[in-house]
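Beneath this line is the structure, given in structure tokens, with notes to follow.
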Amino acid sequence: MGISKDLNYAYYPGCAAKQIQKEADWSARAISKELGIKLHDMPKATCCGAGNLQEHDLAAGLAVNARIFSEAEEMGMDIVTICNTCLQTFSFANERFKNEPELLETINNVLRKAGVRPYQGTIDVKHLTWVLVDELGVDKVKKKVKKPMSGLKVAPFYGCHATRPFEIFQNRGGEAPVYLDKLISAIGGEAIDYYGKDKCCGFHYMLVNESEFLNMSGGHSKEAKDAGADVMVSPCTLCDMAMGAYQSRSEKAMGTKIGLPEMSIQQLIGASFGISTQELGFERLHQDPRQALAQKGISLD
């Protein structure tokens, strides 16, 4: 389709970034503008279903996804998202549509009855981090850095919805993901390694067993902190909530202090570009990372 060559994408931030994690959306737009990546809004797009709709009614979930894909296809663009759960949900559906023509035709009949353009199966779904590394290139990211994150030890938290199964993600996932590590290095930081960086944050376990969720998410943060991390970054809005918004509750549940600032990867990239912390939504973070950065001699704004 030639979409990636001119860096135009149908932008799907996901429900969390539209409401609760607005700073993830703001920062994604800010760094994309700085890098010449054009994010085009999808005004007709709805929730992807997040896997929950699919478990309840698979046909309805597939139809919802096909409707969203059709809008992007009509725009002539691949979809880019900043939510791992949206990425996984879309990728699973798109894989089936591209390999099961009878299923696609069945779902398209549902779209036709609703007056929606049938999906032809021609688009791809990508994460913004994939675009930065594979399509834009880390060298171009490096060129925009005005405030290198020198000396900053950063814990990459990939989460599970963008890594497995790696076949669905065209070998961009797997047990040894690299995208966050490459971006952290590109802005001058040091990506630290720790066991839980590609494990589940526990978000979808929250309503089932809150205690277990708090120990799971808090455990990953504590492990990263103990490994020497100054801050943690994630490519997923739901992981942002689990590791950031719930960290204080995890501390109470675990009976220990964690104190690890967590933010989206695009916020840290934006800070290295010299974009204002207000534009990046730093004031919305539950643990302010500015002190940790200042201790490394990195002054923002």
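Ligands are numbered from 1 in the order shown, chains are lettered A, B, ... in the order of the structure tokens, and residues start at 1 in each chain.
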Q: For range 195-205 of chain A, list every protein, DNA or RNA residue within 9 Å, evaluated using only C-alpha atoms, and leave out those in the same chain fewer than 4 positions away; present the list as a VMD selection string.
A: chain A and resid 155 to 161 163 174 to 177 209 to 210 212 to 221 223 to 224 238 to 239 241 to 243
Do you have, as a Markdown table, the list of residues of range 54-156 of chain A lying at most 12 Å from range 16-20 of chain A, each with its nearest atom pair and that distance in Å to one decimal, counting only C-alpha atoms and ordered by chain then number?
```
| residue | atom | partner | partner_atom | distance |
| --- | --- | --- | --- | --- |
| A:Thr81 | CA | A:Ala17 | CA | 10.0 |
| A:Ile82 | CA | A:Ala17 | CA | 8.2 |
| A:Cys83 | CA | A:Ala17 | CA | 8.1 |
| A:Asn84 | CA | A:Ala16 | CA | 11.2 |
| A:Thr85 | CA | A:Ala16 | CA | 10.4 |
| A:Cys86 | CA | A:Ala16 | CA | 10.2 |
```
(Q) From the options A:Leu58, A:Leu268, A:Ala50, A:Leu183, which residue's atoms come nearest to Gln88 in chain A, counting only C-alpha atoms? (A) A:Ala50
At a cut-off of 8 Å, using only C-alpha atoms, what residues contact range 67-70 of chain A? Leave out same-chain residues fewer than 2 positions from it and give the result as a short mmCIF file (atom, residue, chain, number, x, y, z; two decimals) with N, CA, C and O atoms, in the first residue's frame.
```cif
data_model
loop_
_atom_site.label_atom_id
_atom_site.label_comp_id
_atom_site.auth_asym_id
_atom_site.auth_seq_id
_atom_site.Cartn_x
_atom_site.Cartn_y
_atom_site.Cartn_z
N LYS A 44 -15.13 7.55 13.30
CA LYS A 44 -16.20 6.55 13.42
C LYS A 44 -15.79 5.36 14.28
O LYS A 44 -16.62 4.50 14.57
N ALA A 45 -14.55 5.31 14.70
CA ALA A 45 -14.04 4.14 15.42
C ALA A 45 -14.67 4.02 16.81
O ALA A 45 -14.89 5.01 17.49
N THR A 46 -14.92 2.79 17.21
CA THR A 46 -15.47 2.48 18.53
C THR A 46 -14.44 1.69 19.33
O THR A 46 -13.32 1.46 18.88
N ALA A 63 -16.99 -8.39 14.15
CA ALA A 63 -17.68 -7.39 13.33
C ALA A 63 -17.27 -5.97 13.73
O ALA A 63 -17.07 -5.10 12.87
N VAL A 64 -17.12 -5.74 15.02
CA VAL A 64 -16.68 -4.42 15.50
C VAL A 64 -15.29 -4.11 14.96
O VAL A 64 -15.02 -3.00 14.49
N ASN A 65 -14.40 -5.10 15.01
CA ASN A 65 -13.04 -4.89 14.51
C ASN A 65 -13.04 -4.66 13.00
O ASN A 65 -12.32 -3.78 12.50
N ALA A 72 -10.28 2.52 8.32
CA ALA A 72 -8.87 2.78 8.01
C ALA A 72 -8.56 2.47 6.56
O ALA A 72 -7.83 3.21 5.88
N GLU A 73 -9.12 1.38 6.08
CA GLU A 73 -8.92 0.97 4.68
C GLU A 73 -9.46 2.02 3.72
O GLU A 73 -8.84 2.34 2.70
N GLU A 74 -10.61 2.58 4.06
CA GLU A 74 -11.20 3.63 3.24
C GLU A 74 -10.32 4.89 3.26
O GLU A 74 -10.26 5.64 2.29
N ILE A 79 -3.38 1.02 10.49
CA ILE A 79 -3.74 1.51 11.81
C ILE A 79 -2.51 1.53 12.72
O ILE A 79 -1.72 0.60 12.73
N LEU A 111 -21.63 -6.34 8.15
CA LEU A 111 -21.34 -4.93 7.89
C LEU A 111 -22.28 -4.38 6.82
O LEU A 111 -22.78 -3.25 6.94
N VAL A 116 -22.38 -0.59 6.30
CA VAL A 116 -20.95 -0.29 6.43
C VAL A 116 -20.20 -0.91 5.26
O VAL A 116 -20.50 -2.03 4.83
N ARG A 117 -19.22 -0.21 4.77
CA ARG A 117 -18.38 -0.68 3.68
C ARG A 117 -17.68 -1.98 4.09
O ARG A 117 -17.06 -2.04 5.15
N PRO A 118 -17.72 -3.04 3.28
CA PRO A 118 -17.06 -4.29 3.62
C PRO A 118 -15.54 -4.11 3.72
O PRO A 118 -14.95 -3.29 3.01
N TYR A 119 -14.92 -4.88 4.56
CA TYR A 119 -13.47 -4.83 4.73
C TYR A 119 -12.81 -5.78 3.74
O TYR A 119 -13.20 -6.94 3.63
N GLN A 120 -11.80 -5.29 3.02
CA GLN A 120 -11.15 -6.07 1.98
C GLN A 120 -9.90 -6.81 2.46
O GLN A 120 -9.27 -7.53 1.69
N ILE A 123 -5.29 -3.84 5.15
CA ILE A 123 -4.50 -3.01 6.07
C ILE A 123 -3.72 -3.86 7.06
O ILE A 123 -4.00 -5.05 7.25
#
```
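The residue that comes closest to Cys15 in chain A, out of A:Gln267, A:Leu260, A:Cys47, A:Leu103 and on the basis of only C-alpha atoms, is A:Cys47.
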Tell me, counting only C-alpha atoms, for each residue of range 105-150 of chain A within 8 Å of range 269-272 of chain A, which pair of atoms is nearest and how far apart they are in Å to one decimal, in rows ordered by chain and increasing number, as CSV.
```
residue,atom,partner,partner_atom,distance
A:Val145,CA,A:Ser272,CA,5.3
A:Lys146,CA,A:Ser272,CA,5.9
A:Lys147,CA,A:Ser272,CA,4.6
A:Pro148,CA,A:Ser272,CA,5.6
A:Met149,CA,A:Ser272,CA,6.5
```
Q. Among range 62-255 of chain A, which residues carry a DSSP assignment of strand (DSSP E or B), reported as an MDAnalysis selection string?
A. chainID A and resid 79:81 125:127 153:156 190:191 231:234
For those residues, write all heavy atoms to a file as an mmCIF file, in the first residue's frame.
```
data_model
loop_
_atom_site.group_PDB
_atom_site.id
_atom_site.type_symbol
_atom_site.label_atom_id
_atom_site.label_comp_id
_atom_site.auth_asym_id
_atom_site.auth_seq_id
_atom_site.Cartn_x
_atom_site.Cartn_y
_atom_site.Cartn_z
ATOM 1 N N ILE A 79 -3.379 1.023 10.486
ATOM 2 C CA ILE A 79 -3.738 1.508 11.812
ATOM 3 C C ILE A 79 -2.512 1.530 12.718
ATOM 4 O O ILE A 79 -1.717 0.598 12.730
ATOM 5 C CB ILE A 79 -4.826 0.620 12.447
ATOM 6 C CG1 ILE A 79 -6.166 0.810 11.726
ATOM 7 C CG2 ILE A 79 -4.986 0.917 13.940
ATOM 8 C CD1 ILE A 79 -7.279 -0.086 12.245
ATOM 9 N N VAL A 80 -2.366 2.603 13.480
ATOM 10 C CA VAL A 80 -1.347 2.697 14.522
ATOM 11 C C VAL A 80 -2.042 2.917 15.852
ATOM 12 O O VAL A 80 -2.962 3.742 15.948
ATOM 13 C CB VAL A 80 -0.349 3.844 14.253
ATOM 14 C CG1 VAL A 80 0.359 4.270 15.531
ATOM 15 C CG2 VAL A 80 0.691 3.402 13.248
ATOM 16 N N THR A 81 -1.609 2.184 16.871
ATOM 17 C CA THR A 81 -2.200 2.316 18.198
ATOM 18 C C THR A 81 -1.106 2.468 19.258
ATOM 19 O O THR A 81 0.067 2.210 18.978
ATOM 20 C CB THR A 81 -3.086 1.101 18.535
ATOM 21 O OG1 THR A 81 -3.749 1.311 19.792
ATOM 22 C CG2 THR A 81 -2.274 -0.173 18.617
ATOM 23 N N VAL A 125 -1.970 -3.610 11.205
ATOM 24 C CA VAL A 125 -2.104 -2.935 12.496
ATOM 25 C C VAL A 125 -0.733 -2.897 13.152
ATOM 26 O O VAL A 125 -0.050 -3.924 13.220
ATOM 27 C CB VAL A 125 -3.107 -3.666 13.410
ATOM 28 C CG1 VAL A 125 -3.254 -2.918 14.731
ATOM 29 C CG2 VAL A 125 -4.453 -3.813 12.720
ATOM 30 N N LYS A 126 -0.330 -1.716 13.616
ATOM 31 C CA LYS A 126 1.011 -1.537 14.153
ATOM 32 C C LYS A 126 0.972 -0.763 15.451
ATOM 33 O O LYS A 126 0.068 0.026 15.683
ATOM 34 C CB LYS A 126 1.883 -0.787 13.133
ATOM 35 C CG LYS A 126 1.949 -1.476 11.782
ATOM 36 C CD LYS A 126 2.519 -0.578 10.703
ATOM 37 C CE LYS A 126 2.506 -1.293 9.356
ATOM 38 N NZ LYS A 126 2.998 -0.432 8.263
ATOM 39 N N HIS A 127 1.999 -0.965 16.260
ATOM 40 C CA HIS A 127 2.173 -0.147 17.449
ATOM 41 C C HIS A 127 3.064 1.032 17.085
ATOM 42 O O HIS A 127 3.943 0.922 16.222
ATOM 43 C CB HIS A 127 2.805 -0.958 18.582
ATOM 44 C CG HIS A 127 2.699 -0.296 19.921
ATOM 45 N ND1 HIS A 127 3.517 0.766 20.291
ATOM 46 C CD2 HIS A 127 1.865 -0.507 20.963
ATOM 47 C CE1 HIS A 127 3.185 1.165 21.495
ATOM 48 N NE2 HIS A 127 2.182 0.413 21.937
ATOM 49 N N LYS A 153 18.673 5.225 34.322
ATOM 50 C CA LYS A 153 18.416 3.795 34.181
ATOM 51 C C LYS A 153 16.910 3.585 34.059
ATOM 52 O O LYS A 153 16.156 3.905 34.971
ATOM 53 C CB LYS A 153 18.986 3.032 35.378
ATOM 54 C CG LYS A 153 20.508 3.096 35.435
ATOM 55 C CD LYS A 153 21.058 2.233 36.557
ATOM 56 C CE LYS A 153 22.582 2.253 36.553
ATOM 57 N NZ LYS A 153 23.151 1.387 37.616
ATOM 58 N N VAL A 154 16.514 3.058 32.921
ATOM 59 C CA VAL A 154 15.093 2.949 32.579
ATOM 60 C C VAL A 154 14.674 1.487 32.510
ATOM 61 O O VAL A 154 15.305 0.680 31.820
ATOM 62 C CB VAL A 154 14.803 3.630 31.228
ATOM 63 C CG1 VAL A 154 13.300 3.609 30.929
ATOM 64 C CG2 VAL A 154 15.332 5.065 31.216
ATOM 65 N N ALA A 155 13.600 1.150 33.212
ATOM 66 C CA ALA A 155 13.051 -0.202 33.164
ATOM 67 C C ALA A 155 11.989 -0.262 32.073
ATOM 68 O O ALA A 155 10.939 0.371 32.197
ATOM 69 C CB ALA A 155 12.437 -0.576 34.506
ATOM 70 N N PRO A 156 12.229 -0.991 30.993
ATOM 71 C CA PRO A 156 11.185 -1.159 29.979
ATOM 72 C C PRO A 156 10.191 -2.207 30.446
ATOM 73 O O PRO A 156 10.584 -3.303 30.840
ATOM 74 C CB PRO A 156 11.959 -1.632 28.747
ATOM 75 C CG PRO A 156 13.154 -2.346 29.309
ATOM 76 C CD PRO A 156 13.470 -1.688 30.631
ATOM 77 N N GLU A 190 19.736 4.187 29.704
ATOM 78 C CA GLU A 190 20.226 2.811 29.831
ATOM 79 C C GLU A 190 19.056 1.900 30.172
ATOM 80 O O GLU A 190 18.426 2.047 31.228
ATOM 81 C CB GLU A 190 21.287 2.715 30.926
ATOM 82 C CG GLU A 190 21.790 1.302 31.154
ATOM 83 C CD GLU A 190 22.696 1.167 32.360
ATOM 84 O OE1 GLU A 190 23.144 2.204 32.895
ATOM 85 O OE2 GLU A 190 22.947 0.021 32.799
ATOM 86 N N ALA A 191 18.743 0.989 29.280
ATOM 87 C CA ALA A 191 17.651 0.043 29.515
ATOM 88 C C ALA A 191 18.157 -1.081 30.410
ATOM 89 O O ALA A 191 19.126 -1.756 30.079
ATOM 90 C CB ALA A 191 17.152 -0.522 28.200
ATOM 91 N N VAL A 231 13.356 5.041 36.555
ATOM 92 C CA VAL A 231 11.989 5.209 36.061
ATOM 93 C C VAL A 231 11.597 3.950 35.295
ATOM 94 O O VAL A 231 12.460 3.155 34.901
ATOM 95 C CB VAL A 231 11.834 6.449 35.136
ATOM 96 C CG1 VAL A 231 12.156 7.742 35.859
ATOM 97 C CG2 VAL A 231 12.692 6.295 33.884
ATOM 98 N N MET A 232 10.302 3.794 35.074
ATOM 99 C CA MET A 232 9.782 2.694 34.265
ATOM 100 C C MET A 232 8.964 3.285 33.118
ATOM 101 O O MET A 232 8.253 4.279 33.303
ATOM 102 C CB MET A 232 8.910 1.756 35.108
ATOM 103 C CG MET A 232 8.201 0.664 34.312
ATOM 104 S SD MET A 232 7.129 -0.377 35.363
ATOM 105 C CE MET A 232 8.360 -1.496 36.059
ATOM 106 N N VAL A 233 9.058 2.670 31.940
ATOM 107 C CA VAL A 233 8.243 3.112 30.807
ATOM 108 C C VAL A 233 7.491 1.918 30.228
ATOM 109 O O VAL A 233 7.952 0.777 30.305
ATOM 110 C CB VAL A 233 9.083 3.774 29.699
ATOM 111 C CG1 VAL A 233 9.718 5.063 30.182
ATOM 112 C CG2 VAL A 233 10.131 2.810 29.144
ATOM 113 N N SER A 234 6.336 2.197 29.653
ATOM 114 C CA SER A 234 5.512 1.160 29.043
ATOM 115 C C SER A 234 4.943 1.656 27.715
ATOM 116 O O SER A 234 4.731 2.854 27.545
ATOM 117 C CB SER A 234 4.356 0.777 29.979
ATOM 118 O OG SER A 234 3.453 -0.096 29.325
#
```
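For the atom pair formed by CA of Ala60 in chain A and CA of Ser91 in chain A, the distance is 16.1 Å, given to one decimal.
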(Q) Please identify the alpha helix (DSSP H) residues within range 171-229 of chain A (assignment by DSSP from backbone atoms) and present them as a ChimeraX atom specification. (A) /A:179-186,210-226
(Q) I'd like the contact shell of Ser299 in chain A - 8 Å cut-off, only C-alpha atoms, skipping same-chain residues fewer than 5 positions apart - returned as a list in words. (A) Arg290, Leu293 and Ala294 of chain A
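In this structure, CA of Leu300 in chain A sits 21.2 Å away from CA of Asp240 in chain A.
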